[in-house]
$ cat query_28.tsv   # TSV, C-alpha atoms
chain	number	residue	atom	x	y	z
A	1	MET	CA	-12.40	20.15	2.36
A	2	SER	CA	-8.91	20.28	3.86
A	3	LEU	CA	-8.73	19.82	7.62
A	4	THR	CA	-7.57	22.84	9.61
A	5	PHE	CA	-4.92	22.46	12.30
A	6	HIS	CA	-4.01	24.95	15.01
A	7	TRP	CA	-1.16	24.70	17.50
A	8	PHE	CA	-0.90	26.14	21.04
A	9	LEU	CA	1.27	28.88	22.54
A	10	PRO	CA	2.15	27.90	26.14
A	11	THR	CA	1.88	31.31	27.77
A	12	ASN	CA	1.98	29.49	31.12
A	13	GLY	CA	5.49	28.14	30.44
A	14	ASP	CA	6.79	25.04	28.70
A	15	SER	CA	8.79	21.97	29.60
A	16	ARG	CA	9.77	18.41	28.68
A	17	HIS	CA	7.27	17.52	31.40
A	18	VAL	CA	3.56	18.37	31.56
A	19	VAL	CA	2.93	21.90	32.79
A	20	GLY	CA	-0.18	21.88	34.94
A	21	GLY	CA	-2.52	24.73	35.72
A	22	GLY	CA	-5.88	26.08	34.65
A	23	HIS	CA	-9.39	25.99	36.09
A	24	GLY	CA	-8.31	27.56	39.35
A	25	THR	CA	-5.19	25.42	39.85
A	26	PRO	CA	-1.71	26.97	39.86
A	27	VAL	CA	0.95	26.29	37.25
A	28	THR	CA	3.20	23.41	38.30
A	29	ALA	CA	6.94	23.82	38.81
A	30	ALA	CA	7.66	22.55	35.29
A	31	GLY	CA	6.23	25.81	33.96
A	32	GLY	CA	9.50	27.48	34.89
A	33	ASP	CA	11.65	25.19	32.73
A	34	ARG	CA	11.03	27.32	29.64
A	35	PRO	CA	9.52	30.67	30.61
A	36	PRO	CA	6.92	32.06	28.18
A	37	THR	CA	9.10	34.80	26.76
A	38	VAL	CA	8.19	36.53	23.51
A	39	GLY	CA	11.33	35.04	22.00
A	40	TYR	CA	10.47	31.45	22.86
A	41	LEU	CA	6.79	31.78	21.96
A	42	SER	CA	7.85	33.29	18.63
A	43	GLN	CA	10.02	30.24	17.96
A	44	ILE	CA	6.98	28.02	18.42
A	45	ALA	CA	4.79	30.30	16.31
A	46	ARG	CA	7.26	30.40	13.43
A	47	ALA	CA	7.64	26.62	13.51
A	48	ALA	CA	3.85	26.17	13.47
A	49	GLU	CA	3.52	28.60	10.58
A	50	ASP	CA	6.18	26.81	8.55
A	51	LEU	CA	4.73	23.36	9.20
A	52	GLY	CA	1.24	24.33	8.05
A	53	PHE	CA	-0.75	25.11	11.18
A	54	VAL	CA	-3.28	27.84	10.41
A	55	GLY	CA	-3.40	29.39	13.85
A	56	ALA	CA	-2.28	29.11	17.48
A	57	LEU	CA	-4.47	29.14	20.57
A	58	THR	CA	-3.43	31.15	23.61
A	59	PRO	CA	-5.16	30.47	26.93
A	60	THR	CA	-6.67	32.94	29.38
A	61	GLY	CA	-6.72	33.16	33.15
A	62	ALA	CA	-4.61	33.95	36.17
A	63	TRP	CA	-2.33	31.00	35.40
A	64	CYS	CA	-0.85	32.44	32.18
A	65	GLU	CA	0.25	35.63	30.46
A	66	ASP	CA	-2.39	37.88	28.88
A	67	ALA	CA	-3.34	36.56	25.45
A	68	TRP	CA	-4.10	39.88	23.74
A	69	LEU	CA	-0.79	41.49	24.63
A	70	THR	CA	1.35	38.40	24.09
A	71	THR	CA	-0.02	37.51	20.68
A	72	ALA	CA	0.13	41.13	19.52
A	73	MET	CA	3.88	41.02	20.14
A	74	VAL	CA	4.40	37.54	18.67
A	75	SER	CA	2.39	38.51	15.59
A	76	GLN	CA	5.11	40.97	14.64
A	77	ARG	CA	7.60	38.09	14.38
A	78	THR	CA	5.40	35.96	12.11
A	79	GLU	CA	3.82	36.49	8.71
A	80	ARG	CA	0.74	34.33	8.18
A	81	LEU	CA	-0.08	32.47	11.39
A	82	LYS	CA	-3.40	33.46	12.94
A	83	PHE	CA	-3.85	33.85	16.68
A	84	LEU	CA	-6.81	32.30	18.46
A	85	VAL	CA	-6.96	34.71	21.38
A	86	ALA	CA	-8.86	33.43	24.41
A	87	PHE	CA	-10.54	36.10	26.48
A	88	ARG	CA	-13.33	36.47	29.02
A	89	PRO	CA	-16.13	38.86	28.08
A	90	GLY	CA	-16.82	39.80	31.69
A	91	PHE	CA	-13.50	41.59	31.96
A	92	LEU	CA	-13.98	44.32	29.34
A	93	SER	CA	-16.78	46.21	27.65
A	94	PRO	CA	-18.21	44.83	24.39
A	95	THR	CA	-17.57	48.10	22.55
A	96	PHE	CA	-13.94	48.12	23.66
A	97	ALA	CA	-13.52	44.44	22.72
A	98	ALA	CA	-14.97	45.10	19.26
A	99	GLN	CA	-12.59	48.04	18.84
A	100	MET	CA	-9.59	45.99	20.03
A	101	ALA	CA	-10.41	43.26	17.51
A	102	SER	CA	-10.71	45.80	14.72
A	103	THR	CA	-7.33	47.32	15.61
A	104	TYR	CA	-5.76	43.87	15.84
A	105	GLN	CA	-6.96	42.97	12.35
A	106	ARG	CA	-5.46	46.10	10.81
A	107	HIS	CA	-2.08	45.72	12.52
A	108	THR	CA	-1.73	41.99	11.75
A	109	GLY	CA	-3.27	41.77	8.29
A	110	GLY	CA	-6.42	40.04	9.50
A	111	ARG	CA	-4.87	37.32	11.66
A	112	LEU	CA	-7.18	37.39	14.70
A	113	LEU	CA	-9.53	34.59	15.75
A	114	LEU	CA	-11.45	34.88	19.04
A	115	ASN	CA	-11.91	32.11	21.60
A	116	VAL	CA	-14.64	33.40	23.89
A	117	VAL	CA	-14.30	31.86	27.38
A	118	THR	CA	-17.21	32.59	29.68
A	119	GLY	CA	-15.27	31.44	32.77
A	120	GLY	CA	-16.16	28.28	34.66
A	121	GLU	CA	-14.69	29.06	38.08
A	122	SER	CA	-16.47	31.64	40.24
A	123	ARG	CA	-13.53	31.95	42.63
A	124	GLU	CA	-11.19	33.01	39.83
A	125	GLN	CA	-13.81	35.30	38.30
A	126	ARG	CA	-14.28	37.08	41.63
A	127	ALA	CA	-10.56	37.79	41.79
A	128	TYR	CA	-11.07	39.88	38.64
A	129	GLY	CA	-14.11	41.65	40.09
A	130	ASP	CA	-16.77	39.48	38.43
A	131	PHE	CA	-19.36	38.25	40.92
A	132	LEU	CA	-22.02	36.75	38.61
A	133	ASP	CA	-22.85	33.07	38.94
A	134	LYS	CA	-22.19	30.65	36.10
A	135	ASP	CA	-25.58	30.82	34.33
A	136	ALA	CA	-25.61	34.61	34.58
A	137	ARG	CA	-22.11	34.70	33.06
A	138	TYR	CA	-23.36	32.76	30.05
A	139	ALA	CA	-26.34	35.08	29.70
A	140	ARG	CA	-23.98	38.04	29.77
A	141	THR	CA	-21.77	36.37	27.15
A	142	GLY	CA	-24.78	36.13	24.85
A	143	GLU	CA	-25.51	39.85	25.27
A	144	PHE	CA	-21.83	40.65	24.80
A	145	LEU	CA	-21.50	38.75	21.53
A	146	GLY	CA	-24.76	40.21	20.22
A	147	ILE	CA	-23.40	43.73	20.75
A	148	VAL	CA	-19.98	42.92	19.29
A	149	ARG	CA	-21.41	41.32	16.17
A	150	ASP	CA	-23.74	44.28	15.57
A	151	LEU	CA	-20.81	46.67	15.92
A	152	TRP	CA	-18.72	44.63	13.48
A	153	ASP	CA	-21.62	44.86	11.03
A	154	GLY	CA	-21.41	48.66	11.21
A	155	ARG	CA	-24.57	49.17	13.23
A	156	THR	CA	-25.16	51.72	15.96
A	157	VAL	CA	-26.10	49.76	19.06
A	158	ASN	CA	-28.41	50.74	21.86
A	159	LEU	CA	-29.08	47.98	24.36
A	160	THR	CA	-30.31	47.74	27.91
A	161	GLY	CA	-29.89	44.08	28.76
A	162	ASP	CA	-30.01	42.11	31.98
A	163	HIS	CA	-26.22	42.45	32.35
A	164	LEU	CA	-24.92	44.94	29.78
A	165	ARG	CA	-25.94	48.42	28.71
A	166	VAL	CA	-24.61	50.52	25.83
A	167	ALA	CA	-25.91	53.70	24.23
A	168	GLU	CA	-25.07	54.97	20.74
A	169	ALA	CA	-22.21	52.48	20.45
A	170	LYS	CA	-20.55	52.48	17.02
A	171	LEU	CA	-17.15	51.66	15.53
A	172	THR	CA	-15.43	54.25	13.38
A	173	ARG	CA	-13.34	51.53	11.67
A	174	LEU	CA	-14.65	48.04	11.06
A	175	PRO	CA	-12.52	44.87	11.23
A	176	ASP	CA	-11.55	43.33	7.91
A	177	PRO	CA	-12.07	40.45	7.95
A	178	VAL	CA	-14.50	40.05	10.83
A	179	PRO	CA	-12.85	37.65	13.33
A	180	GLU	CA	-14.44	34.24	13.65
A	181	VAL	CA	-15.77	33.30	17.09
A	182	TYR	CA	-14.71	30.00	18.65
A	183	PHE	CA	-16.77	28.92	21.64
A	184	GLY	CA	-17.10	25.84	23.85
A	185	GLY	CA	-19.13	24.64	26.79
A	186	SER	CA	-21.07	21.56	27.85
A	187	SER	CA	-23.89	23.05	29.94
A	188	PRO	CA	-27.36	23.96	28.61
A	189	ALA	CA	-26.53	27.64	29.09
A	190	ALA	CA	-23.38	27.23	26.98
A	191	GLY	CA	-25.28	25.42	24.25
A	192	ALA	CA	-27.74	28.28	23.90
A	193	VAL	CA	-24.93	30.81	23.40
A	194	ALA	CA	-23.06	28.54	20.97
A	195	ALA	CA	-26.16	28.06	18.86
A	196	ARG	CA	-26.61	31.81	18.39
A	197	HIS	CA	-23.05	33.04	18.11
A	198	ALA	CA	-20.35	30.40	17.52
A	199	ASP	CA	-18.70	30.14	14.12
A	200	VAL	CA	-16.78	27.13	15.46
A	201	TYR	CA	-18.00	25.09	18.41
A	202	LEU	CA	-15.12	23.55	20.37
A	203	THR	CA	-15.07	20.43	22.49
A	204	TRP	CA	-12.32	18.89	24.54
A	205	GLY	CA	-11.02	15.48	23.49
A	206	GLU	CA	-13.61	13.04	24.72
A	207	PRO	CA	-14.08	9.61	23.12
A	208	PRO	CA	-15.73	9.73	19.68
A	209	ALA	CA	-19.17	8.60	20.87
A	210	ALA	CA	-19.34	11.45	23.39
A	211	VAL	CA	-18.08	13.93	20.80
A	212	ALA	CA	-20.74	12.77	18.35
A	213	GLU	CA	-23.42	13.44	20.96
A	214	LYS	CA	-22.11	16.97	21.53
A	215	ILE	CA	-22.01	17.71	17.81
A	216	ALA	CA	-25.59	16.50	17.37
A	217	TRP	CA	-26.70	18.58	20.37
A	218	VAL	CA	-25.15	21.85	19.19
A	219	ARG	CA	-26.05	21.22	15.55
A	220	GLY	CA	-29.70	20.80	16.55
A	221	LEU	CA	-29.71	23.95	18.69
A	222	ALA	CA	-28.04	25.97	15.95
A	223	ALA	CA	-30.43	24.72	13.27
A	224	ARG	CA	-33.31	26.22	15.22
A	225	GLN	CA	-31.49	29.55	14.94
A	226	GLY	CA	-30.96	29.07	11.20
A	227	ARG	CA	-27.23	28.59	11.70
A	228	SER	CA	-24.65	25.89	10.82
A	229	PRO	CA	-21.44	26.23	12.86
A	230	ARG	CA	-18.29	24.26	12.19
A	231	PHE	CA	-16.85	21.97	14.85
A	232	GLY	CA	-13.40	21.74	16.38
A	233	ILE	CA	-11.65	19.64	19.02
A	234	ARG	CA	-8.88	20.44	21.51
A	235	LEU	CA	-6.30	17.67	22.09
A	236	HIS	CA	-2.68	17.08	23.03
A	237	VAL	CA	-0.58	14.82	20.79
A	238	ILE	CA	2.28	12.37	21.30
A	239	THR	CA	3.19	10.98	17.90
A	240	ARG	CA	6.32	9.03	16.97
A	241	ASP	CA	7.65	6.77	14.20
A	242	THR	CA	6.33	3.73	16.09
A	243	ALA	CA	3.53	3.18	18.60
A	244	GLU	CA	6.06	1.78	21.08
A	245	GLN	CA	8.05	5.02	21.01
A	246	ALA	CA	4.93	7.13	21.48
A	247	TRP	CA	3.64	5.13	24.44
A	248	ALA	CA	7.10	5.15	25.98
A	249	GLU	CA	6.98	8.96	25.84
A	250	ALA	CA	3.52	8.95	27.44
A	251	GLY	CA	4.91	6.70	30.15
A	252	ARG	CA	7.83	9.07	30.73
A	253	LEU	CA	5.43	11.98	31.19
A	254	LEU	CA	3.28	9.94	33.56
A	255	ASP	CA	6.33	8.97	35.62
A	256	GLY	CA	6.97	12.68	36.11
A	257	PHE	CA	3.68	13.15	38.01
A	258	ASP	CA	4.36	12.88	41.73
A	259	ASP	CA	1.45	11.64	43.82
A	260	ASP	CA	1.19	14.80	45.92
A	261	THR	CA	0.84	16.99	42.84
A	262	VAL	CA	-1.78	14.70	41.32
A	263	ARG	CA	-3.74	14.66	44.55
A	264	ALA	CA	-3.63	18.44	44.96
A	265	VAL	CA	-4.58	19.13	41.35
A	266	GLN	CA	-7.45	16.63	41.42
A	267	GLU	CA	-8.81	18.12	44.64
A	268	GLY	CA	-8.76	21.57	43.06
A	269	LEU	CA	-10.34	20.46	39.81
A	270	GLY	CA	-12.95	18.47	41.70
A	271	ARG	CA	-14.37	21.78	42.94
A	272	SER	CA	-14.71	23.11	39.39
A	273	GLU	CA	-18.11	24.42	38.32
A	274	SER	CA	-17.33	23.60	34.69
A	275	GLU	CA	-19.36	20.71	33.33
A	276	GLY	CA	-16.70	20.16	30.69
A	277	GLN	CA	-14.03	19.91	33.39
A	278	GLN	CA	-16.08	17.36	35.29
A	279	ARG	CA	-16.41	15.31	32.12
A	280	MET	CA	-12.62	15.41	31.76
A	281	LEU	CA	-12.15	14.20	35.35
A	282	ALA	CA	-14.56	11.33	34.81
A	283	LEU	CA	-12.37	9.97	32.02
A	284	HIS	CA	-9.55	8.99	34.39
A	285	GLY	CA	-11.12	9.09	37.85
A	286	GLY	CA	-7.89	10.42	39.36
A	287	GLY	CA	-6.03	7.13	38.92
A	288	ARG	CA	-3.07	6.01	36.83
A	289	ASP	CA	-4.63	2.80	35.48
A	290	GLY	CA	-6.86	2.45	32.42
A	291	LEU	CA	-5.83	5.77	30.94
A	292	GLU	CA	-6.24	4.66	27.32
A	293	ILE	CA	-9.98	5.39	27.18
A	294	HIS	CA	-10.34	4.79	23.43
A	295	PRO	CA	-7.76	3.44	20.98
A	296	ASN	CA	-4.88	5.97	21.01
A	297	LEU	CA	-6.78	8.39	23.27
A	298	TRP	CA	-4.92	8.85	26.58
A	299	ALA	CA	-6.38	10.67	29.59
A	300	GLY	CA	-3.11	11.00	31.51
A	301	ILE	CA	-2.59	14.73	30.90
A	302	GLY	CA	-5.73	15.52	32.89
A	303	LEU	CA	-4.17	14.16	36.08
A	304	VAL	CA	-2.15	17.36	36.49
A	305	ARG	CA	-3.69	19.84	34.03
A	306	GLY	CA	-7.04	21.57	34.02
A	307	GLY	CA	-8.98	22.00	30.81
A	308	ALA	CA	-7.95	19.81	27.90
A	309	GLY	CA	-6.73	16.59	29.51
A	310	THR	CA	-6.49	13.99	26.74
A	311	ALA	CA	-3.85	13.21	24.12
A	312	LEU	CA	-3.71	11.26	20.90
A	313	VAL	CA	-0.86	8.78	21.37
A	314	GLY	CA	0.57	6.45	18.74
A	315	SER	CA	2.46	6.11	15.52
A	316	HIS	CA	1.98	8.80	12.91
A	317	ALA	CA	-0.42	6.56	11.00
A	318	GLU	CA	-2.42	5.69	14.13
A	319	VAL	CA	-2.79	9.35	15.12
A	320	ALA	CA	-3.89	10.11	11.55
A	321	ASP	CA	-6.48	7.31	11.88
A	322	ARG	CA	-7.94	8.89	15.01
A	323	ILE	CA	-8.05	12.31	13.37
A	324	ALA	CA	-9.91	10.79	10.43
A	325	GLU	CA	-12.30	9.12	12.90
A	326	TYR	CA	-13.15	12.45	14.53
A	327	HIS	CA	-13.42	14.10	11.13
A	328	ALA	CA	-16.00	11.50	10.08
A	329	LEU	CA	-18.14	12.69	13.00
A	330	GLY	CA	-18.04	16.30	11.77
A	331	ILE	CA	-14.84	17.72	13.29
A	332	ASP	CA	-13.02	19.95	10.77
A	333	GLU	CA	-10.63	21.88	13.03
A	334	PHE	CA	-8.06	20.44	15.45
A	335	ILE	CA	-6.34	22.53	18.14
A	336	LEU	CA	-3.31	20.56	19.25
A	337	SER	CA	-0.41	20.82	21.68
A	338	GLY	CA	2.38	18.73	23.17
A	339	TYR	CA	5.26	18.88	25.63
A	340	PRO	CA	7.50	20.59	24.80
A	341	HIS	CA	5.54	22.60	22.27
A	342	LEU	CA	8.41	23.41	19.95
A	343	GLU	CA	9.60	19.84	19.46
A	344	GLU	CA	6.14	18.28	19.39
A	345	ALA	CA	5.04	20.69	16.65
A	346	TYR	CA	7.75	19.16	14.47
A	347	TRP	CA	6.88	15.58	15.41
A	348	PHE	CA	3.27	16.17	14.33
A	349	GLY	CA	4.03	18.43	11.39
A	350	GLU	CA	6.68	16.16	9.88
A	351	GLY	CA	5.05	12.89	10.92
A	352	VAL	CA	1.24	13.09	10.81
A	353	LEU	CA	0.52	15.88	8.33
A	354	PRO	CA	2.23	14.06	5.42
A	355	VAL	CA	0.08	11.00	6.16
A	356	LEU	CA	-3.08	13.12	6.07
A	357	ARG	CA	-1.87	14.77	2.87
A	358	ARG	CA	-1.44	11.39	1.17
A	359	ARG	CA	-4.96	10.47	2.25
A	360	GLY	CA	-6.36	13.65	0.71
A	361	LEU	CA	-7.46	15.11	4.07
A	362	TRP	CA	-5.01	17.99	4.34
A	363	SER	CA	-3.01	20.42	2.23
A	364	HIS	CA	-0.50	23.01	3.38
A	365	PRO	CA	-2.43	26.30	3.73
A	366	PHE	CA	0.54	28.47	2.77
A	367	ARG	CA	2.32	26.42	0.12
A	368	GLY	CA	-0.30	25.07	-2.22
A	369	ASP	CA	0.78	21.65	-3.45
A	370	GLU	CA	4.40	21.99	-2.40
A	371	ARG	CA	5.44	18.99	-0.34
A	372	ILE	CA	6.61	19.40	3.23
A	373	ALA	CA	9.44	17.38	4.70
A	374	GLU	CA	8.58	13.79	5.53
A	375	HIS	CA	11.30	12.77	7.92
A	376	THR	CA	11.93	12.44	11.61
A	377	PRO	CA	13.39	15.71	12.94
A	378	LEU	CA	16.88	14.63	13.97
A	379	ALA	CA	17.30	17.52	16.38
A	380	VAL	CA	14.28	16.28	18.28
A	381	SER	CA	14.48	12.52	18.23
A	382	GLY	CA	17.35	12.21	20.64
A	383	SER	CA	16.02	14.64	23.21
A	384	SER	CA	12.29	14.12	23.71

$ encode --input "query_28.tsv" --output "structure tokens"
Amino acid sequence: MSLTFHWFLPTNGDSRHVVGGGHGTPVTAAGGDRPPTVGYLSQIARAAEDLGFVGALTPTGAWCEDAWLTTAMVSQRTERLKFLVAFRPGFLSPTFAAQMASTYQRHTGGRLLLNVVTGGESREQRAYGDFLDKDARYARTGEFLGIVRDLWDGRTVNLTGDHLRVAEAKLTRLPDPVPEVYFGGSSPAAGAVAARHADVYLTWGEPPAAVAEKIAWVRGLAARQGRSPRFGIRLHVITRDTAEQAWAEAGRLLDGFDDDTVRAVQEGLGRSESEGQQRMLALHGGGRDGLEIHPNLWAGIGLVRGGAGTALVGSHAEVADRIAEYHALGIDEFILSGYPHLEEAYWFGEGVLPVLRRRGLWSHPFRGDERIAEHTPLAVSGSS
């Protein structure tokens, strides 16, 4: 089975420095270096498509542009790349969401994937008019996905749930194909929803032992539902021709974090209700020392960014080794990113993917056996 790789569209802005934000914290000043215009995001999307990434994740929240609208526009400038659209089910009706997904599939040739984000921060949820607590939000997500899946199956849905109510709901046009549902969460309430509805369960980049525990947990819950989801991981990457070059780049990014920004971001993230976010914070403890928490796994990004806070750092071969290590645990899909996203897509695509191809772990999804370039991108090497 060939590994699946997705890239990331920085709809919060891009930079040669880390752009913070997420989980209730504002985007840092670096987010203005490269504004998230449709033109720039399309450049990244076309590069990812050419290099062999299957899809691209777009985030959701007050800190970034809307994922549905942005990807709908970028999709018209690409041909095959899929879009992993993050959205929060508390912000729209399940019938409308099912209809939107169906429309999206027809207008893009079936290139929608859905990243369902329940929402871990009550303060941000309330700004959008959602006043449920965290456990109730997960319960509502379960009802939401049950309705959506029934609608996609062509059923007429009548439901009076604890949080949602629909009567005689039915789609006149079904999505083809039905979008796959990507879902993450570390709390017991999240695990219950994942077991019943996730096609792909996502985890942030924790050390392999912790990831193995999560996989076993969700796999066990899903088995009781008669289901077998796939597993994916969300990571940043800093990969270069040598380990020394990669760690030098990580050091450059770290040097760009001023102490006041780190302190403010950590205080904000410390109030997060998300169990996954708290697990990310525990990896670095808010300090700059001991950030390599597993060989080639660096927790420095999480000092200024909410959500995914770890990066694979090393030579192309070393990063490939870590990917193989996670794959051996059961991870088949990797959602990656790097600063800046355009250049780092080329570093990974022209550096790591050929290594994985030679090891029989990856093949280009759009080119069959045609070989991709195996060289350092000259336009990038002198400027990153």

$ residues_around --input "query_28.tsv" --residues "Thr60 (chain A)" --least-positions-apart "3" --cutoff "7 Å" --atoms "all atoms listed in the file" --output "PDB file with C-alpha atoms, in the coordinates of the input"
ATOM      1  CA  CYS A  64      -0.850  32.440  32.180  1.00  0.00           C
ATOM      2  CA  ASP A  66      -2.390  37.880  28.880  1.00  0.00           C
ATOM      3  CA  ALA A  67      -3.340  36.560  25.450  1.00  0.00           C
ATOM      4  CA  ALA A  86      -8.860  33.430  24.410  1.00  0.00           C
ATOM      5  CA  PHE A  87     -10.540  36.100  26.480  1.00  0.00           C
TER       6      PHE A  87
END

$ residues_around --input "query_28.tsv" --residues "His23 (chain A)" --least-positions-apart "4" --cutoff "9 Å" --atoms "only C-alpha atoms" --output "list in words"
Gly61, Trp63, Gly119, Gly120, Glu121, Glu124, Gly268, Leu269, Ser272, Ser274, Gln277, Arg305, Gly306 and Gly307 of chain A

$ write_last_selection --input "query_28.tsv" --atoms "C-alpha atoms" --output "tab-separated table (two decimals), in the coordinates of the input"
chain	number	residue	atom	x	y	z
A	61	GLY	CA	-6.72	33.16	33.15
A	63	TRP	CA	-2.33	31.00	35.40
A	119	GLY	CA	-15.27	31.44	32.77
A	120	GLY	CA	-16.16	28.28	34.66
A	121	GLU	CA	-14.69	29.06	38.08
A	124	GLU	CA	-11.19	33.01	39.83
A	268	GLY	CA	-8.76	21.57	43.06
A	269	LEU	CA	-10.34	20.46	39.81
A	272	SER	CA	-14.71	23.11	39.39
A	274	SER	CA	-17.33	23.60	34.69
A	277	GLN	CA	-14.03	19.91	33.39
A	305	ARG	CA	-3.69	19.84	34.03
A	306	GLY	CA	-7.04	21.57	34.02
A	307	GLY	CA	-8.98	22.00	30.81

$ atom_distance --input "query_28.tsv" --atom1 "CA of Tyr182 (chain A)" --atom2 "CA of Val54 (chain A)"
14.3 Å

$ closest_residue --input "query_28.tsv" --among "A:Asp162, A:Asp14, A:Glu168, A:Glu49" --to "Arg34 (chain A)" --atoms "all atoms listed in the file"
A:Asp14

$ residues_around --input "query_28.tsv" --residues "Gly314 (chain A)" --least-positions-apart "3" --cutoff "8 Å" --atoms "only C-alpha atoms" --output "ChimeraX atom specification"
/A:238-240,242-247,296,317-319

$ atom_distance --input "query_28.tsv" --atom1 "CA of Gly276 (chain A)" --atom2 "CA of Ala72 (chain A)"
29.1 Å

$ atom_distance --input "query_28.tsv" --atom1 "CA of Ala328 (chain A)" --atom2 "CA of Gly184 (chain A)"
19.9 Å

$ residues_around --input "query_28.tsv" --residues "Gly109 (chain A)" --least-positions-apart "6" --cutoff "12 Å" --atoms "all atoms listed in the file" --output "list in words"
Ala72, Ser75, Gln76, Thr78, Glu79, Arg80, Leu81, Lys82, Phe83, Ala101, Ser102, Thr103, Pro175, Asp176, Pro177, Val178 and Pro179 of chain A

$ closest_residue --input "query_28.tsv" --among "A:Arg227, A:Arg234, A:Arg271, A:Arg367" --to "Leu312 (chain A)" --atoms "only C-alpha atoms"
A:Arg234

$ axis_aligned_box --input "query_28.tsv" --around "region 62-71 of chain A" --padding-each-side "4 Å" --output "AutoDock Vina command-line options"
--center_x -1.6 --center_y 36.2 --center_z 28.4 --size_x 14.0 --size_y 18.5 --size_z 23.5

$ closest_residue --input "query_28.tsv" --among "A:Met73, A:Thr25, A:Ala320, A:Pro295" --to "His107 (chain A)" --atoms "all atoms listed in the file"
A:Met73

$ closest_residue --input "query_28.tsv" --among "A:Leu174, A:His197, A:Val18, A:Ser187" --to "Glu249 (chain A)" --atoms "all atoms listed in the file"
A:Val18

$ closest_residue --input "query_28.tsv" --among "A:Arg288, A:Arg224, A:His163, A:Arg230" --to "Gly251 (chain A)" --atoms "only C-alpha atoms"
A:Arg288

$ closest_residue --input "query_28.tsv" --among "A:Thr58, A:Glu213, A:His316, A:Val27" --to "Trp347 (chain A)" --atoms "only C-alpha atoms"
A:His316

$ residues_around --input "query_28.tsv" --residues "Gly31 (chain A)" --least-positions-apart "4" --cutoff "7 Å" --atoms "all atoms listed in the file" --output "JSON, numbers by chain"
{"A": [12, 13, 14, 15, 19, 27, 35]}

$ residues_near_point --input "query_28.tsv" --point "(-16.9, 40.4, 14.1)" --cutoff "12 Å" --atoms "only C-alpha atoms" --output "PyMOL selection string"
chain A and resi 94-95+97-105+110+112-114+144-155+171+173-182+197-199

$ build_atoms --input "query_28.tsv" --residues "region 49-59 of chain A" --atoms "N, CA, C and O atoms" --output "short mmCIF file (atom, residue, chain, number, x, y, z; two decimals), in the frame of the given file"
data_model
loop_
_atom_site.label_atom_id
_atom_site.label_comp_id
_atom_site.auth_asym_id
_atom_site.auth_seq_id
_atom_site.Cartn_x
_atom_site.Cartn_y
_atom_site.Cartn_z
N GLU A 49 3.81 27.95 11.86
CA GLU A 49 3.52 28.60 10.58
C GLU A 49 4.18 27.85 9.43
O GLU A 49 3.56 27.58 8.39
N ASP A 50 5.44 27.50 9.60
CA ASP A 50 6.18 26.81 8.55
C ASP A 50 5.63 25.42 8.29
O ASP A 50 5.56 24.96 7.14
N LEU A 51 5.20 24.74 9.34
CA LEU A 51 4.73 23.36 9.20
C LEU A 51 3.33 23.28 8.59
O LEU A 51 2.96 22.22 8.05
N GLY A 52 2.55 24.34 8.67
CA GLY A 52 1.24 24.33 8.05
C GLY A 52 0.07 24.45 9.01
O GLY A 52 -1.08 24.24 8.61
N PHE A 53 0.34 24.79 10.27
CA PHE A 53 -0.75 25.11 11.18
C PHE A 53 -1.31 26.48 10.80
O PHE A 53 -0.57 27.42 10.52
N VAL A 54 -2.63 26.59 10.81
CA VAL A 54 -3.28 27.84 10.41
C VAL A 54 -3.21 28.88 11.51
O VAL A 54 -3.02 30.07 11.25
N GLY A 55 -3.37 28.44 12.75
CA GLY A 55 -3.40 29.39 13.85
C GLY A 55 -2.80 28.77 15.10
O GLY A 55 -2.36 27.62 15.11
N ALA A 56 -2.78 29.57 16.18
CA ALA A 56 -2.28 29.11 17.48
C ALA A 56 -3.17 29.65 18.58
O ALA A 56 -3.43 30.85 18.63
N LEU A 57 -3.64 28.76 19.44
CA LEU A 57 -4.47 29.14 20.57
C LEU A 57 -3.60 29.65 21.71
O LEU A 57 -2.54 29.10 22.00
N THR A 58 -4.04 30.71 22.36
CA THR A 58 -3.43 31.15 23.61
C THR A 58 -4.50 31.13 24.69
O THR A 58 -5.62 31.58 24.47
N PRO A 59 -4.17 30.59 25.87
CA PRO A 59 -5.16 30.47 26.93
C PRO A 59 -5.42 31.79 27.65
O PRO A 59 -4.76 32.80 27.38
#
